[in-house]
$ cat query-v1.txt   # compact mmCIF, C-alpha atoms
# COMPACT_ATOMS: atom_id res chain seq x y z
CA MET A 4 -21.84 6.09 -8.45
CA LYS A 5 -23.98 8.50 -10.43
CA MET A 6 -22.13 11.45 -8.95
CA ASP A 7 -20.21 13.92 -11.11
CA LYS A 8 -17.69 11.52 -12.58
CA ALA A 9 -16.55 14.29 -14.88
CA ASN A 10 -15.25 16.11 -11.81
CA ASN A 11 -13.62 12.94 -10.55
CA CYS A 12 -11.60 12.20 -13.67
CA ARG A 13 -8.36 14.07 -14.15
CA SER A 14 -8.44 16.24 -17.27
CA GLN A 15 -5.83 15.39 -19.88
CA LYS A 16 -5.54 17.57 -22.98
CA PHE A 17 -5.10 15.40 -26.05
CA LEU A 18 -7.18 14.07 -28.91
CA ALA A 19 -8.02 10.51 -28.02
CA ALA A 20 -9.60 7.95 -30.30
CA ALA A 21 -9.39 4.22 -29.92
CA ILE A 22 -10.86 1.19 -31.60
CA LEU A 23 -10.90 -1.85 -29.36
CA CYS A 24 -12.33 -5.34 -29.40
CA PHE A 25 -12.85 -7.00 -26.02
CA LEU A 26 -13.36 -10.66 -25.21
CA PHE A 27 -14.21 -10.96 -21.53
CA THR A 28 -14.44 -14.12 -19.49
CA PHE A 29 -15.48 -13.43 -15.91
CA THR A 30 -14.73 -16.20 -13.45
CA ILE A 31 -14.95 -16.91 -9.77
CA VAL A 32 -11.38 -17.36 -8.59
CA ASN A 33 -10.67 -20.27 -6.25
CA ASN A 34 -7.41 -21.98 -5.37
CA SER A 35 -7.44 -23.99 -8.59
CA ARG A 36 -8.07 -22.45 -12.00
CA ALA A 37 -10.01 -25.60 -12.84
CA ASP A 38 -12.64 -24.48 -10.30
CA TRP A 39 -13.35 -21.18 -12.07
CA LYS A 40 -16.67 -20.68 -13.81
CA ALA A 41 -17.96 -18.18 -16.34
CA LEU A 42 -20.16 -15.45 -14.89
CA PHE A 43 -21.10 -13.22 -17.82
CA TYR A 44 -20.91 -12.97 -21.60
CA ASP A 45 -22.30 -10.55 -24.17
CA ASP A 46 -21.44 -10.54 -27.88
CA PHE A 47 -23.96 -7.76 -28.75
CA GLU A 48 -25.35 -9.83 -31.64
CA SER A 49 -28.86 -9.48 -30.21
CA GLY A 50 -28.65 -5.70 -30.52
CA ASP A 51 -29.82 -5.41 -26.91
CA LEU A 52 -28.09 -3.00 -24.50
CA SER A 53 -30.39 -3.65 -21.54
CA LYS A 54 -27.54 -5.29 -19.59
CA TRP A 55 -25.59 -2.04 -19.60
CA THR A 56 -26.03 1.37 -17.98
CA ILE A 57 -24.97 4.23 -20.25
CA THR A 58 -23.94 7.63 -18.88
CA ILE A 59 -22.86 10.73 -20.84
CA GLU A 60 -20.86 13.28 -18.87
CA PRO A 61 -21.83 16.98 -18.97
CA ASP A 62 -18.38 17.96 -20.27
CA SER A 63 -18.57 15.56 -23.21
CA PRO A 64 -18.06 16.63 -26.80
CA THR A 65 -20.62 15.43 -29.32
CA PRO A 66 -21.39 12.89 -30.63
CA ALA A 67 -21.31 10.96 -27.37
CA GLY A 68 -22.70 7.80 -25.83
CA TRP A 69 -22.73 4.09 -26.55
CA GLU A 70 -24.54 2.22 -29.31
CA ILE A 71 -24.45 -1.14 -31.06
CA MET A 72 -23.22 -1.01 -34.64
CA GLY A 73 -22.05 -3.44 -37.32
CA GLU A 74 -18.33 -3.88 -37.91
CA SER A 75 -16.59 -6.64 -39.94
CA GLU A 76 -19.77 -8.75 -40.06
CA ASN A 77 -20.16 -8.56 -36.26
CA ASN A 78 -22.12 -6.35 -33.92
CA VAL A 79 -19.92 -4.26 -31.66
CA LEU A 80 -20.49 -1.67 -28.95
CA ARG A 81 -19.25 1.78 -29.90
CA GLY A 82 -18.50 4.44 -27.30
CA ARG A 83 -17.78 8.08 -28.12
CA GLY A 84 -17.14 11.28 -26.22
CA HIS A 85 -16.83 11.32 -22.44
CA SER A 86 -19.19 8.51 -21.60
CA TRP A 87 -19.50 5.31 -19.62
CA ALA A 88 -20.84 1.82 -20.25
CA GLU A 89 -21.26 -0.04 -16.95
CA LEU A 90 -22.49 -3.60 -16.58
CA THR A 91 -25.78 -3.24 -14.70
CA ASN A 92 -26.12 -4.78 -11.23
CA LYS A 93 -23.22 -7.23 -11.57
CA TYR A 94 -20.79 -7.30 -8.64
CA TRP A 95 -18.12 -9.88 -7.84
CA ARG A 96 -15.33 -10.21 -5.28
CA ASN A 97 -12.64 -12.02 -7.29
CA TYR A 98 -12.70 -12.44 -11.03
CA ASP A 99 -10.67 -12.72 -14.18
CA LEU A 100 -11.39 -10.98 -17.46
CA THR A 101 -9.75 -11.32 -20.85
CA PHE A 102 -10.14 -9.24 -23.98
CA ARG A 103 -8.46 -8.19 -27.21
CA LEU A 104 -7.36 -4.60 -27.50
CA LYS A 105 -6.43 -2.34 -30.40
CA ILE A 106 -5.68 1.33 -29.76
CA ILE A 107 -5.75 3.68 -32.73
CA THR A 108 -4.71 6.75 -30.75
CA GLY A 109 -5.11 8.03 -27.20
CA GLN A 110 -6.12 5.76 -24.34
CA ILE A 111 -8.90 3.69 -22.79
CA HIS A 112 -9.90 3.24 -19.16
CA VAL A 113 -11.02 -0.22 -18.03
CA CYS A 114 -12.67 -0.14 -14.59
CA VAL A 115 -12.80 -3.14 -12.24
CA LYS A 116 -14.39 -3.52 -8.79
CA LEU A 117 -16.53 -0.58 -9.82
CA SER A 118 -19.09 0.45 -7.17
CA ASP A 119 -20.36 3.35 -5.09
CA GLN A 120 -17.14 3.02 -3.05
CA GLY A 121 -14.91 3.68 -6.05
CA ARG A 122 -13.01 1.69 -8.64
CA TYR A 123 -9.66 0.43 -9.86
CA LEU A 124 -8.73 2.14 -13.10
CA ILE A 125 -6.47 0.39 -15.61
CA ARG A 126 -5.38 2.90 -18.21
CA PHE A 127 -4.10 1.56 -21.54
CA ALA A 128 -2.17 3.96 -23.79
CA ASN A 129 0.64 3.79 -26.34
CA ASN A 130 3.41 1.79 -24.59
CA SER A 131 1.93 2.53 -21.18
CA VAL A 132 -0.30 0.70 -18.69
CA THR A 133 -1.18 2.24 -15.32
CA ILE A 134 -3.21 1.00 -12.35
CA GLU A 135 -4.84 3.56 -10.06
CA LYS A 136 -7.41 3.39 -7.29
CA GLU A 137 -10.17 5.97 -7.05
CA SER A 138 -11.81 5.73 -3.63
CA PRO A 139 -13.73 7.62 -2.50
CA TRP A 140 -14.77 9.04 -5.85
CA GLY A 141 -12.54 11.98 -6.69
CA THR A 142 -9.55 10.73 -4.65
CA PHE A 143 -6.91 8.98 -6.77
CA THR A 144 -4.08 6.75 -5.55
CA PHE A 145 -1.36 5.65 -7.96
CA LEU A 146 -0.52 1.96 -7.56
CA ARG A 147 1.77 0.77 -10.36
CA SER A 148 2.72 1.43 -13.97
CA SER A 149 4.58 -0.36 -16.72
CA SER A 150 5.92 0.45 -20.17
CA PRO A 151 5.29 -2.64 -22.29
CA THR A 152 5.35 -2.72 -26.05
CA LEU A 153 1.84 -1.56 -26.80
CA ASN A 154 1.87 -0.13 -30.28
CA LEU A 155 -0.93 1.77 -31.90
CA ASN A 156 -2.95 0.00 -34.58
CA GLU A 157 -2.00 -3.50 -33.38
CA TRP A 158 -4.10 -6.15 -31.66
CA TYR A 159 -3.14 -7.43 -28.22
CA GLY A 160 -4.61 -10.01 -25.90
CA VAL A 161 -5.20 -8.57 -22.42
CA GLU A 162 -6.08 -10.30 -19.16
CA ILE A 163 -6.88 -8.58 -15.85
CA ARG A 164 -6.98 -10.83 -12.80
CA ILE A 165 -8.42 -9.48 -9.52
CA ILE A 166 -7.89 -11.58 -6.38
CA SER A 167 -8.43 -9.83 -3.02
CA GLU A 168 -5.69 -7.17 -2.71
CA SER A 169 -3.91 -8.20 -5.93
CA ILE A 170 -4.43 -6.97 -9.49
CA GLU A 171 -2.44 -8.59 -12.28
CA VAL A 172 -2.33 -7.42 -15.88
CA TYR A 173 -1.21 -9.67 -18.74
CA LEU A 174 -0.43 -8.67 -22.32
CA ASN A 175 -0.30 -11.46 -24.90
CA ASN A 176 -0.07 -13.97 -22.01
CA ASP A 177 2.94 -12.21 -20.44
CA LYS A 178 2.50 -10.65 -17.01
CA ILE A 179 3.41 -6.98 -17.32
CA LEU A 180 2.10 -5.49 -14.10
CA THR A 181 1.15 -6.46 -10.56
CA ALA A 182 -0.29 -4.10 -7.96
CA GLU A 183 -1.35 -4.75 -4.37
CA ASP A 184 -3.68 -2.67 -2.25
CA PRO A 185 -3.76 -3.57 1.48
CA GLU A 186 -7.00 -1.59 1.83
CA TYR A 187 -8.52 -3.16 -1.24
CA LEU A 188 -12.02 -2.67 -2.57
CA VAL A 189 -13.93 -5.82 -1.69
CA SER A 190 -16.21 -6.18 -4.69
CA GLY A 191 -17.62 -4.44 -7.72
CA GLY A 192 -18.40 -4.69 -11.39
CA ILE A 193 -16.82 -3.55 -14.63
CA GLY A 194 -17.14 -0.46 -16.78
CA PHE A 195 -15.59 1.27 -19.75
CA GLU A 196 -14.89 4.97 -19.90
CA THR A 197 -14.30 6.85 -23.10
CA LEU A 198 -12.82 10.29 -22.57
CA GLY A 199 -13.40 13.75 -23.93
CA GLU A 200 -13.98 17.39 -23.11
CA ALA A 201 -16.27 19.73 -24.99
CA ASN A 202 -14.48 21.65 -27.76
CA GLU A 203 -11.13 20.17 -26.68
CA TRP A 204 -10.74 16.46 -27.45
CA THR A 205 -12.70 13.26 -27.74
CA SER A 206 -12.36 9.48 -27.97
CA GLU A 207 -14.00 6.56 -29.73
CA VAL A 208 -13.91 2.84 -28.95
CA LEU A 209 -15.44 -0.34 -30.28
CA ILE A 210 -16.07 -3.25 -27.89
CA ASP A 211 -17.10 -6.79 -28.75
CA ASP A 212 -17.70 -10.16 -27.03
CA VAL A 213 -17.94 -9.05 -23.40
$ encode --input "query-v1.txt" --output "structure tokens"
Amino acid sequence: MKMDKANNCRSQKFLAAAILCFLFTFTIVNNSRADWKALFYDDFESGDLSKWTITIEPDSPTPAGWEIMGESENNVLRGRGHSWAELTNKYWRNYDLTFRLKIITGQIHVCVKLSDQGRYLIRFANNSVTIEKESPWGTFTFLRSSSPTLNLNEWYGVEIRIISESIEVYLNNDKILTAEDPEYLVSGGIGFETLGEANEWTSEVLIDDV
């Protein structure tokens, strides 16, 4: 997975900056939701990033990378430039994650079932949500897209549910998108990708309560 991800990501020419707050609850998915259990949580209040692997791409503008900073009396994880924050050595087959999202401008990539074999990429932008598969790395397959009301500078509750070949995306508890992949990736972790290209455009995100 530490290959040239910069070469694997399609270049898009725009100035991107986003401020986001995520609340993730990872669960093992069984037949009954009552059987689910929490797998991971991080609110960054300890100031410790040892659970995460940080990567800065060669094409990134500066400043770039991920760091813990204070925001509204809470610690949050800030990502800038073209960089990644990947949860270290955590892989699951089926799971559910929820978070709150606020986009200031541009877009954010949320990666699920992230592994050496590839990833599913859920791209959130102004009034647009897209699911793509990248497997092997550098080979993209479009799965589904939707055009929900997703305004800039507003908070939204997001849920991404991954069960075998199915990926469901919810916005404020309403299902907005479902994609199925018959040749689905079996397992993987999660990661966040901020985007940017040297001397062209950049992005910034804040993440909390993973």
$ residues_around --input "query-v1.txt" --residues "A:Ile179" --least-positions-apart "6" --cutoff "9 Å" --atoms "only C-alpha atoms" --output "PyMOL selection string"
chain A and resi 132+149-151+171-173
$ closest_residue --input "query-v1.txt" --among "A:Glu60, A:Asp46, A:Glu89, A:Glu168" --to "A:Leu117" --atoms "all atoms listed in the file"
A:Glu89
$ residues_around --input "query-v1.txt" --residues "A:Asn129" --least-positions-apart "2" --cutoff "9 Å" --atoms "only C-alpha atoms" --output "PyMOL selection string"
chain A and resi 106+108-110+127+131-132+150-155
$ axis_aligned_box --input "query-v1.txt" --around "stretch 177-186 of chain A" --padding-each-side "6 Å" --output "JSON"
{"center_x": -1.8, "center_y": -6.9, "center_z": -9.3, "size_x": 22.4, "size_y": 22.6, "size_z": 34.3}
$ atom_distance --input "query-v1.txt" --atom1 "atom CA of A:Trp87" --atom2 "atom CA of A:Ala182"
24.4 Å
$ atom_distance --input "query-v1.txt" --atom1 "atom CA of A:Gly84" --atom2 "atom CA of A:Gly141"
20.1 Å
$ atom_distance --input "query-v1.txt" --atom1 "atom CA of A:Arg122" --atom2 "atom CA of A:Glu186"
12.5 Å
$ residues_near_point --input "query-v1.txt" --point "(-0.6, 6.2, -4.5)" --cutoff "10 Å" --atoms "only C-alpha atoms" --output "ChimeraX atom specification"
/A:134-137,143-147,184
$ residues_around --input "query-v1.txt" --residues "A:Leu90" --least-positions-apart "2" --cutoff "10 Å" --atoms "all atoms listed in the file" --output "VMD selection string"
chain A and resid 43 52 to 57 87 to 88 92 to 94 117 192 to 195 213
$ closest_residue --input "query-v1.txt" --among "A:Val189, A:Ala41, A:Leu80, A:Ala128" --to "A:Arg96" --atoms "only C-alpha atoms"
A:Val189
$ build_atoms --input "query-v1.txt" --residues "stretch 165-199 of chain A" --atoms "N, CA and C atoms" --output "PDB file, in the coordinates of the input"
ATOM      1  N   ILE A 165      -8.200 -10.176 -10.787  1.00  0.00           N
ATOM      2  CA  ILE A 165      -8.420  -9.480  -9.520  1.00  0.00           C
ATOM      3  C   ILE A 165      -8.674 -10.518  -8.438  1.00  0.00           C
ATOM      4  N   ILE A 166      -7.755 -10.635  -7.479  1.00  0.00           N
ATOM      5  CA  ILE A 166      -7.890 -11.580  -6.380  1.00  0.00           C
ATOM      6  C   ILE A 166      -7.568 -10.833  -5.084  1.00  0.00           C
ATOM      7  N   SER A 167      -8.591 -10.539  -4.292  1.00  0.00           N
ATOM      8  CA  SER A 167      -8.430  -9.830  -3.020  1.00  0.00           C
ATOM      9  C   SER A 167      -7.662  -8.536  -3.236  1.00  0.00           C
ATOM     10  N   GLU A 168      -6.451  -8.409  -2.621  1.00  0.00           N
ATOM     11  CA  GLU A 168      -5.690  -7.170  -2.710  1.00  0.00           C
ATOM     12  C   GLU A 168      -4.832  -7.080  -3.967  1.00  0.00           C
ATOM     13  N   SER A 169      -4.817  -8.128  -4.783  1.00  0.00           N
ATOM     14  CA  SER A 169      -3.910  -8.200  -5.930  1.00  0.00           C
ATOM     15  C   SER A 169      -4.624  -7.956  -7.246  1.00  0.00           C
ATOM     16  N   ILE A 170      -3.971  -7.176  -8.117  1.00  0.00           N
ATOM     17  CA  ILE A 170      -4.430  -6.970  -9.490  1.00  0.00           C
ATOM     18  C   ILE A 170      -3.265  -7.284 -10.409  1.00  0.00           C
ATOM     19  N   GLU A 171      -3.468  -8.218 -11.321  1.00  0.00           N
ATOM     20  CA  GLU A 171      -2.440  -8.590 -12.280  1.00  0.00           C
ATOM     21  C   GLU A 171      -2.921  -8.270 -13.686  1.00  0.00           C
ATOM     22  N   VAL A 172      -2.006  -7.752 -14.501  1.00  0.00           N
ATOM     23  CA  VAL A 172      -2.330  -7.420 -15.880  1.00  0.00           C
ATOM     24  C   VAL A 172      -1.390  -8.193 -16.802  1.00  0.00           C
ATOM     25  N   TYR A 173      -1.970  -8.881 -17.778  1.00  0.00           N
ATOM     26  CA  TYR A 173      -1.210  -9.670 -18.740  1.00  0.00           C
ATOM     27  C   TYR A 173      -1.422  -9.092 -20.137  1.00  0.00           C
ATOM     28  N   LEU A 174      -0.362  -9.117 -20.934  1.00  0.00           N
ATOM     29  CA  LEU A 174      -0.430  -8.670 -22.320  1.00  0.00           C
ATOM     30  C   LEU A 174       0.141  -9.783 -23.191  1.00  0.00           C
ATOM     31  N   ASN A 175      -0.688 -10.317 -24.073  1.00  0.00           N
ATOM     32  CA  ASN A 175      -0.300 -11.460 -24.900  1.00  0.00           C
ATOM     33  C   ASN A 175       0.282 -12.586 -24.046  1.00  0.00           C
ATOM     34  N   ASN A 176      -0.398 -12.877 -22.943  1.00  0.00           N
ATOM     35  CA  ASN A 176      -0.070 -13.970 -22.010  1.00  0.00           C
ATOM     36  C   ASN A 176       1.168 -13.710 -21.152  1.00  0.00           C
ATOM     37  N   ASP A 177       1.799 -12.555 -21.279  1.00  0.00           N
ATOM     38  CA  ASP A 177       2.940 -12.210 -20.440  1.00  0.00           C
ATOM     39  C   ASP A 177       2.501 -11.237 -19.351  1.00  0.00           C
ATOM     40  N   LYS A 178       2.853 -11.564 -18.097  1.00  0.00           N
ATOM     41  CA  LYS A 178       2.500 -10.650 -17.010  1.00  0.00           C
ATOM     42  C   LYS A 178       3.351  -9.391 -17.112  1.00  0.00           C
ATOM     43  N   ILE A 179       2.694  -8.239 -17.186  1.00  0.00           N
ATOM     44  CA  ILE A 179       3.410  -6.980 -17.320  1.00  0.00           C
ATOM     45  C   ILE A 179       3.295  -6.090 -16.097  1.00  0.00           C
ATOM     46  N   LEU A 180       2.363  -6.413 -15.205  1.00  0.00           N
ATOM     47  CA  LEU A 180       2.100  -5.490 -14.100  1.00  0.00           C
ATOM     48  C   LEU A 180       1.375  -6.206 -12.982  1.00  0.00           C
ATOM     49  N   THR A 181       1.833  -5.971 -11.752  1.00  0.00           N
ATOM     50  CA  THR A 181       1.150  -6.460 -10.560  1.00  0.00           C
ATOM     51  C   THR A 181       1.069  -5.332  -9.553  1.00  0.00           C
ATOM     52  N   ALA A 182      -0.103  -5.113  -8.995  1.00  0.00           N
ATOM     53  CA  ALA A 182      -0.290  -4.100  -7.960  1.00  0.00           C
ATOM     54  C   ALA A 182      -1.011  -4.734  -6.783  1.00  0.00           C
ATOM     55  N   GLU A 183      -0.666  -4.280  -5.573  1.00  0.00           N
ATOM     56  CA  GLU A 183      -1.350  -4.750  -4.370  1.00  0.00           C
ATOM     57  C   GLU A 183      -1.855  -3.563  -3.576  1.00  0.00           C
ATOM     58  N   ASP A 184      -3.035  -3.720  -3.034  1.00  0.00           N
ATOM     59  CA  ASP A 184      -3.680  -2.670  -2.250  1.00  0.00           C
ATOM     60  C   ASP A 184      -4.120  -3.264  -0.917  1.00  0.00           C
ATOM     61  N   PRO A 185      -3.384  -3.002   0.179  1.00  0.00           N
ATOM     62  CA  PRO A 185      -3.760  -3.570   1.480  1.00  0.00           C
ATOM     63  C   PRO A 185      -5.167  -3.190   1.919  1.00  0.00           C
ATOM     64  N   GLU A 186      -5.646  -2.030   1.502  1.00  0.00           N
ATOM     65  CA  GLU A 186      -7.000  -1.590   1.830  1.00  0.00           C
ATOM     66  C   GLU A 186      -7.874  -1.711   0.582  1.00  0.00           C
ATOM     67  N   TYR A 187      -7.919  -2.924   0.066  1.00  0.00           N
ATOM     68  CA  TYR A 187      -8.520  -3.160  -1.240  1.00  0.00           C
ATOM     69  C   TYR A 187     -10.041  -3.040  -1.215  1.00  0.00           C
ATOM     70  N   LEU A 188     -10.577  -2.659  -2.367  1.00  0.00           N
ATOM     71  CA  LEU A 188     -12.020  -2.670  -2.570  1.00  0.00           C
ATOM     72  C   LEU A 188     -12.485  -4.114  -2.612  1.00  0.00           C
ATOM     73  N   VAL A 189     -13.534  -4.428  -1.869  1.00  0.00           N
ATOM     74  CA  VAL A 189     -13.930  -5.820  -1.690  1.00  0.00           C
ATOM     75  C   VAL A 189     -14.593  -6.390  -2.940  1.00  0.00           C
ATOM     76  N   SER A 190     -15.484  -5.632  -3.550  1.00  0.00           N
ATOM     77  CA  SER A 190     -16.210  -6.180  -4.690  1.00  0.00           C
ATOM     78  C   SER A 190     -16.666  -5.046  -5.604  1.00  0.00           C
ATOM     79  N   GLY A 191     -17.116  -5.418  -6.776  1.00  0.00           N
ATOM     80  CA  GLY A 191     -17.620  -4.440  -7.720  1.00  0.00           C
ATOM     81  C   GLY A 191     -17.707  -5.029  -9.110  1.00  0.00           C
ATOM     82  N   GLY A 192     -18.203  -4.237 -10.030  1.00  0.00           N
ATOM     83  CA  GLY A 192     -18.400  -4.690 -11.390  1.00  0.00           C
ATOM     84  C   GLY A 192     -17.358  -4.151 -12.337  1.00  0.00           C
ATOM     85  N   ILE A 193     -17.741  -4.053 -13.615  1.00  0.00           N
ATOM     86  CA  ILE A 193     -16.820  -3.550 -14.630  1.00  0.00           C
ATOM     87  C   ILE A 193     -17.484  -2.420 -15.402  1.00  0.00           C
ATOM     88  N   GLY A 194     -16.645  -1.567 -15.972  1.00  0.00           N
ATOM     89  CA  GLY A 194     -17.140  -0.460 -16.780  1.00  0.00           C
ATOM     90  C   GLY A 194     -16.071   0.018 -17.731  1.00  0.00           C
ATOM     91  N   PHE A 195     -16.506   0.698 -18.767  1.00  0.00           N
ATOM     92  CA  PHE A 195     -15.590   1.270 -19.750  1.00  0.00           C
ATOM     93  C   PHE A 195     -15.838   2.762 -19.829  1.00  0.00           C
ATOM     94  N   GLU A 196     -14.769   3.521 -19.858  1.00  0.00           N
ATOM     95  CA  GLU A 196     -14.890   4.970 -19.900  1.00  0.00           C
ATOM     96  C   GLU A 196     -14.162   5.506 -21.131  1.00  0.00           C
ATOM     97  N   THR A 197     -14.910   6.083 -22.037  1.00  0.00           N
ATOM     98  CA  THR A 197     -14.300   6.850 -23.100  1.00  0.00           C
ATOM     99  C   THR A 197     -14.175   8.286 -22.622  1.00  0.00           C
ATOM    100  N   LEU A 198     -13.173   8.992 -23.115  1.00  0.00           N
ATOM    101  CA  LEU A 198     -12.820  10.290 -22.570  1.00  0.00           C
ATOM    102  C   LEU A 198     -13.052  11.403 -23.575  1.00  0.00           C
ATOM    103  N   GLY A 199     -13.248  12.604 -23.066  1.00  0.00           N
ATOM    104  CA  GLY A 199     -13.400  13.750 -23.930  1.00  0.00           C
ATOM    105  C   GLY A 199     -13.821  14.971 -23.146  1.00  0.00           C
TER     106      GLY A 199
END
